[in-house]
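Participant: Got a file for you: target-v8.cif, mmCIF, C-alpha atoms.
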data_work
#
loop_
_atom_site.label_atom_id
_atom_site.label_comp_id
_atom_site.auth_asym_id
_atom_site.auth_seq_id
_atom_site.Cartn_x
_atom_site.Cartn_y
_atom_site.Cartn_z
CA MET B 1 -161.77 -66.46 -9.23
CA VAL B 2 -162.29 -62.88 -8.19
CA GLU B 3 -159.43 -63.24 -5.69
CA LYS B 4 -156.96 -64.46 -8.36
CA PHE B 5 -157.90 -61.65 -10.71
CA THR B 6 -157.45 -59.02 -7.99
CA ARG B 7 -154.18 -60.55 -6.81
CA SER B 8 -152.82 -60.71 -10.35
CA LYS B 9 -153.79 -57.07 -10.93
CA LYS B 10 -152.01 -56.06 -7.70
CA VAL B 11 -148.88 -57.95 -8.74
CA ASP B 12 -148.92 -56.28 -12.17
CA CYS B 13 -149.29 -52.89 -10.53
CA LEU B 14 -146.40 -53.55 -8.15
CA GLU B 15 -144.22 -54.79 -11.01
CA LYS B 16 -144.95 -51.62 -13.00
CA ARG B 17 -144.11 -49.47 -10.01
CA LEU B 18 -140.86 -51.38 -9.49
CA GLU B 19 -139.99 -51.04 -13.18
CA THR B 20 -140.76 -47.30 -13.11
CA SER B 21 -138.68 -46.92 -9.96
CA LYS B 22 -135.70 -48.71 -11.61
CA HIS B 23 -136.07 -46.48 -14.66
CA LYS B 24 -136.11 -43.37 -12.46
CA ASP B 25 -133.00 -44.56 -10.58
CA ALA B 26 -131.17 -45.19 -13.86
CA MET B 27 -132.17 -41.75 -15.11
CA ARG B 28 -130.99 -40.13 -11.86
CA ARG B 29 -127.62 -41.93 -12.10
CA TRP B 30 -127.23 -40.83 -15.74
CA LEU B 31 -128.08 -37.20 -14.91
CA LEU B 32 -125.63 -37.27 -12.00
CA ASP B 33 -122.88 -38.59 -14.32
CA VAL B 34 -123.61 -35.84 -16.86
CA PHE B 35 -123.60 -33.20 -14.12
CA GLU B 36 -120.25 -34.48 -12.79
CA ALA B 37 -118.71 -34.40 -16.29
CA VAL B 38 -119.96 -30.84 -16.91
CA LEU B 39 -118.66 -29.76 -13.50
CA ILE B 40 -115.21 -31.20 -14.26
CA VAL B 41 -115.09 -29.39 -17.62
CA VAL B 42 -116.16 -26.10 -16.03
CA VAL B 43 -113.56 -26.40 -13.26
CA LEU B 44 -110.82 -27.23 -15.78
CA CYS B 45 -111.84 -24.29 -17.98
CA GLN B 46 -111.88 -21.88 -15.05
CA LEU B 47 -108.80 -23.01 -13.14
CA VAL B 48 -106.44 -24.82 -15.50
CA PHE B 49 -107.36 -23.69 -19.01
CA GLY B 50 -108.75 -20.47 -20.39
CA VAL B 51 -110.53 -19.58 -23.59
CA CYS B 52 -110.39 -16.42 -25.63
CA ILE B 53 -111.78 -15.19 -28.94
CA VAL B 54 -109.25 -12.94 -30.69
CA GLN B 55 -110.58 -9.41 -31.24
CA ASP B 56 -107.81 -7.88 -33.39
CA ASN B 57 -105.22 -8.74 -36.02
CA ALA B 58 -102.14 -8.25 -33.80
CA MET B 59 -100.92 -11.80 -34.47
CA SER B 60 -102.04 -12.13 -38.08
CA PRO B 61 -101.55 -14.47 -39.92
CA SER B 62 -100.50 -16.84 -37.08
CA VAL B 63 -103.67 -16.03 -35.16
CA GLU B 64 -106.53 -14.23 -36.94
CA THR B 65 -109.43 -12.12 -35.77
CA ARG B 66 -112.25 -14.36 -34.44
CA ASP B 67 -109.93 -17.34 -33.86
CA PHE B 68 -110.76 -19.30 -30.71
CA LEU B 69 -107.78 -19.82 -28.39
CA ILE B 70 -107.35 -22.34 -25.60
CA TYR B 71 -104.56 -21.40 -23.22
CA TYR B 72 -102.88 -22.96 -20.18
CA ARG B 73 -103.07 -20.79 -17.07
CA TRP B 74 -100.60 -22.42 -14.66
CA SER B 75 -97.32 -22.10 -16.55
CA LYS B 76 -95.23 -19.08 -15.60
CA ALA B 77 -92.02 -20.36 -17.24
CA TYR B 78 -92.33 -18.85 -20.70
CA ASP B 79 -89.97 -19.51 -23.61
CA TYR B 80 -88.98 -17.14 -26.39
CA GLY B 81 -91.56 -17.43 -29.15
CA ASP B 82 -94.44 -18.56 -26.89
CA VAL B 83 -97.77 -17.00 -27.83
CA LEU B 84 -99.29 -15.49 -24.69
CA VAL B 85 -102.72 -14.19 -23.78
CA TYR B 86 -102.42 -11.14 -21.53
CA THR B 87 -104.70 -8.41 -20.23
CA LYS B 88 -104.03 -4.71 -20.83
CA ASP B 89 -106.47 -1.80 -20.85
CA GLY B 90 -109.16 -4.18 -19.59
CA LYS B 91 -108.91 -6.24 -22.78
CA LYS B 92 -107.44 -9.66 -23.49
CA ARG B 93 -104.64 -9.39 -26.03
CA VAL B 94 -102.38 -11.88 -27.78
CA GLY B 95 -98.65 -11.52 -28.44
CA ARG B 96 -95.43 -13.46 -28.95
CA MET B 97 -92.94 -13.35 -26.09
CA VAL B 98 -89.61 -11.97 -27.29
CA GLY B 99 -88.09 -10.90 -23.95
CA LYS B 100 -87.84 -12.37 -20.44
CA SER B 101 -87.00 -10.94 -17.07
CA HIS B 102 -83.87 -8.72 -17.15
CA ASP B 103 -83.42 -8.95 -20.97
CA ALA B 104 -82.35 -5.76 -22.71
CA ILE B 105 -84.68 -5.13 -25.66
CA GLY B 106 -83.87 -2.71 -28.45
CA ILE B 107 -85.38 -1.75 -31.77
CA VAL B 108 -82.89 -0.21 -34.19
CA ASP B 109 -83.73 0.55 -37.83
CA GLY B 110 -86.81 -1.67 -37.58
CA CYS B 111 -84.84 -4.66 -36.28
CA LEU B 112 -85.38 -6.32 -32.90
CA TYR B 113 -82.40 -6.83 -30.59
CA ARG B 114 -82.30 -8.87 -27.39
CA ASN B 115 -79.25 -8.46 -25.16
CA ASP B 116 -77.36 -6.72 -28.01
CA THR B 117 -77.97 -9.63 -30.40
CA ARG B 118 -80.25 -9.24 -33.41
CA VAL B 119 -83.29 -11.54 -33.21
CA LEU B 120 -84.21 -13.21 -36.49
CA GLU B 121 -87.98 -13.39 -36.45
CA GLU B 122 -89.69 -15.88 -38.74
CA ASN B 123 -93.25 -15.01 -37.80
CA CYS B 124 -92.97 -11.23 -38.01
CA PHE B 125 -94.81 -9.29 -40.72
CA GLY B 126 -94.16 -5.61 -41.13
CA GLU B 127 -91.55 -3.36 -39.58
CA ASN B 128 -90.95 -2.83 -35.90
CA VAL B 129 -92.27 0.72 -35.86
CA LEU B 130 -91.92 2.81 -32.73
CA PHE B 131 -94.82 4.79 -31.30
CA GLU B 132 -94.73 8.34 -29.97
CA GLU B 133 -96.74 7.28 -26.92
CA GLY B 134 -94.58 4.16 -26.53
CA VAL B 135 -91.59 3.30 -24.39
CA SER B 136 -88.04 4.33 -25.21
CA PHE B 137 -85.38 1.83 -26.17
CA PRO B 138 -83.24 0.10 -25.11
CA LEU B 139 -85.57 -1.21 -22.44
CA ARG B 140 -84.74 -3.60 -19.61
CA VAL B 141 -87.56 -6.13 -19.04
CA SER B 142 -88.78 -5.94 -15.46
CA ASN B 143 -87.97 -8.65 -12.92
CA ASP B 144 -91.51 -10.04 -12.97
CA GLY B 145 -92.33 -9.37 -16.61
CA VAL B 146 -92.14 -10.32 -20.25
CA PHE B 147 -91.84 -8.32 -23.45
CA VAL B 148 -94.42 -9.27 -26.11
CA LEU B 149 -94.88 -8.20 -29.71
CA GLY B 150 -97.65 -8.95 -32.14
CA ASP B 151 -96.60 -10.79 -35.32
CA HIS B 152 -98.39 -8.18 -37.42
CA ARG B 153 -96.19 -5.22 -36.50
CA GLY B 154 -98.26 -2.44 -38.02
CA ASN B 155 -100.36 -0.24 -35.79
CA VAL B 156 -100.70 -2.81 -32.97
CA LYS B 157 -100.49 -2.07 -29.26
CA ASP B 158 -98.00 -4.38 -27.56
CA SER B 159 -94.89 -3.95 -25.39
CA ARG B 160 -93.67 -1.18 -27.70
CA VAL B 161 -96.47 0.87 -26.10
CA TYR B 162 -96.93 -0.83 -22.71
CA GLY B 163 -93.35 -1.78 -21.90
CA SER B 164 -92.87 -4.93 -19.82
CA ILE B 165 -96.02 -6.95 -19.26
CA SER B 166 -96.23 -8.11 -15.65
CA ASN B 167 -96.51 -11.86 -15.13
CA GLN B 168 -99.70 -11.09 -13.18
CA ASP B 169 -101.22 -9.70 -16.39
CA VAL B 170 -100.34 -12.82 -18.38
CA ASN B 171 -103.36 -15.11 -18.54
CA GLY B 172 -101.50 -18.07 -20.03
CA VAL B 173 -99.69 -19.76 -22.92
CA VAL B 174 -101.73 -20.59 -26.03
CA LEU B 175 -102.05 -24.33 -26.58
CA PHE B 176 -104.59 -24.53 -29.42
CA VAL B 177 -105.95 -22.22 -32.08
CA ILE B 178 -109.33 -23.04 -33.59
CA ARG B 179 -109.79 -21.00 -36.74
CA ASN B 180 -112.52 -18.38 -37.27
CA ILE B 181 -115.41 -19.21 -35.00
#
Would you mind writing the file's structure down as structure tokens?
Facilitator:
Amino acid sequence: MVEKFTRSKKVDCLEKRLETSKHKDAMRRWLLDVFEAVLIVVVLCQLVFGVCIVQDNAMSPSVETRDFLIYYRWSKAYDYGDVLVYTKDGKKRVGRMVGKSHDAIGIVDGCLYRNDTRVLEENCFGENVLFEEGVSFPLRVSNDGVFVLGDHRGNVKDSRVYGSISNQDVNGVVLFVIRNI
């Protein structure tokens, strides 16, 4: 009888170890799956998509201060009206593309002209004021650049100050705006 009791205890112990081992393997597999998912998200966010929290009111009311932007990094074929994230003065900025490579941009009496044709802007608020430290018009957009303006045209630094924005300085095209984080 002592033999049966000892054998039964050994079997129970082995079964518990086996059960614990299966539980540990399942936990390892689950942690590996979570790690892979996080790694994929991080890679996508670093290589394909970018994120930015807006620091000024340059695009108000389309994009407000503290809005969270998700932008697509790989597109370099921009269309008129695209909202772009770009870097100038070491700071990420947001603006609407109004001029492409080789376009002639002019601002006359507060109105925007592209290739001698007046641009009717639906998203623009305020007048297209010119800055003393800004560029002179008409301006020809550089071969590898874009011309961007903020929707809120008050005292906002954009291509009226910087001139053409090099495609290398464009971080990407805004895909989503998440309001006031």
Participant: I'd like the contact shell of Asn167 in chain B - 10 Å cut-off, all atoms listed in the file, skipping same-chain residues fewer than 4 positions apart - returned as a PyMOL selection string.
Facilitator: chain B and resi 76-78+86+101+142-146+171-172
Participant: Just the residues within 12 Å of Arg160 in chain B, please, counting only C-alpha atoms, with nothing from its chain fewer than 5 positions along; format it as a ChimeraX atom specification.
Facilitator: /B:95,98-99,105-107,112,128-139,141,146-150,153-155,165
Participant: What is the CA of Val54 in chain B-CA of Glu121 in chain B distance in Å, reported with one decimal?
Facilitator: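 Computing the Euclidean distance for CA of Val54 in chain B and CA of Glu121 in chain B yields 22.0 Å.
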Participant: Could you tell me how far CA of Arg179 in chain B lies from CA of Gly50 in chain B, in Å and to one decimal?
Facilitator: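 Result for CA of Arg179 in chain B versus CA of Gly50 in chain B: 16.4 Å, one decimal.
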Participant: For CA of Asn115 in chain B and CA of Val161 in chain B, quote the distance in Å rounded to one decimal.
Facilitator: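 A separation of 19.6 Å between them.
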Participant: Select, from B:Asp158, B:Asp25, B:Asp12, B:Asp151, the residue with the minimum atom-to-atom distance to Lys92 in chain B, counting all atoms listed in the file.
Facilitator: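 Under the stated criterion, the closest residue is B:Asp158.
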Participant: For Val63 in chain B, which residue among B:Leu120, B:Val38, B:Cys45, B:Val94 is the nearest when counting all atoms listed in the file?
Facilitator: B:Val94
Participant: Which is closest to Val173 in chain B among B:Arg96, B:Lys9, B:Lys157, B:Lys22, if we use all atoms listed in the file?
Facilitator: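 Among the listed residues, B:Arg96 lies closest to Val173 in chain B.
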Participant: I'd like the residues picked by the PyMOL selection byres ((chain B and resi 58) around 7) written out as number ranges by chain, using the chain letters and numbers from the file.
Facilitator: B: 56-57, 59-60, 150-152, 156
Participant: Just so the selection is clear, what residues does the PyMOL selection byres ((chain B and resi 177) around 7) cover here, as a list in words?
Facilitator: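 In the shown coordinates, the PyMOL selection byres ((chain B and resi 177) around 7) covers Asp67, Phe68, Leu69, Ile70, Phe176, Ile178 and Arg179 of chain B.
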Participant: Those selected residues, please, written with C-alpha atoms and delivered as a compact mmCIF listing (two decimals), in the frame of the given file.
Facilitator:
# COMPACT_ATOMS: atom_id res chain seq x y z
CA ASP B 67 -109.93 -17.34 -33.86
CA PHE B 68 -110.76 -19.30 -30.71
CA LEU B 69 -107.78 -19.82 -28.39
CA ILE B 70 -107.35 -22.34 -25.60
CA PHE B 176 -104.59 -24.53 -29.42
CA ILE B 178 -109.33 -23.04 -33.59
CA ARG B 179 -109.79 -21.00 -36.74
Participant: Using all atoms listed in the file, which of B:Ala104, B:Val42, B:Met27, B:Leu47 sits nearest Ser164 in chain B?
Facilitator: B:Ala104
Participant: Step by step, work through what the PyMOL selection byres ((chain B and resi 48) around 9) selects in the shown file, and finish by giving those residues as a list in words.
Facilitator: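 Answer for the PyMOL selection byres ((chain B and resi 48) around 9): Val43, Leu44, Cys45, Gln46, Leu47, Phe49, Gly50, Tyr71, Tyr72, Arg73 and Trp74 of chain B.
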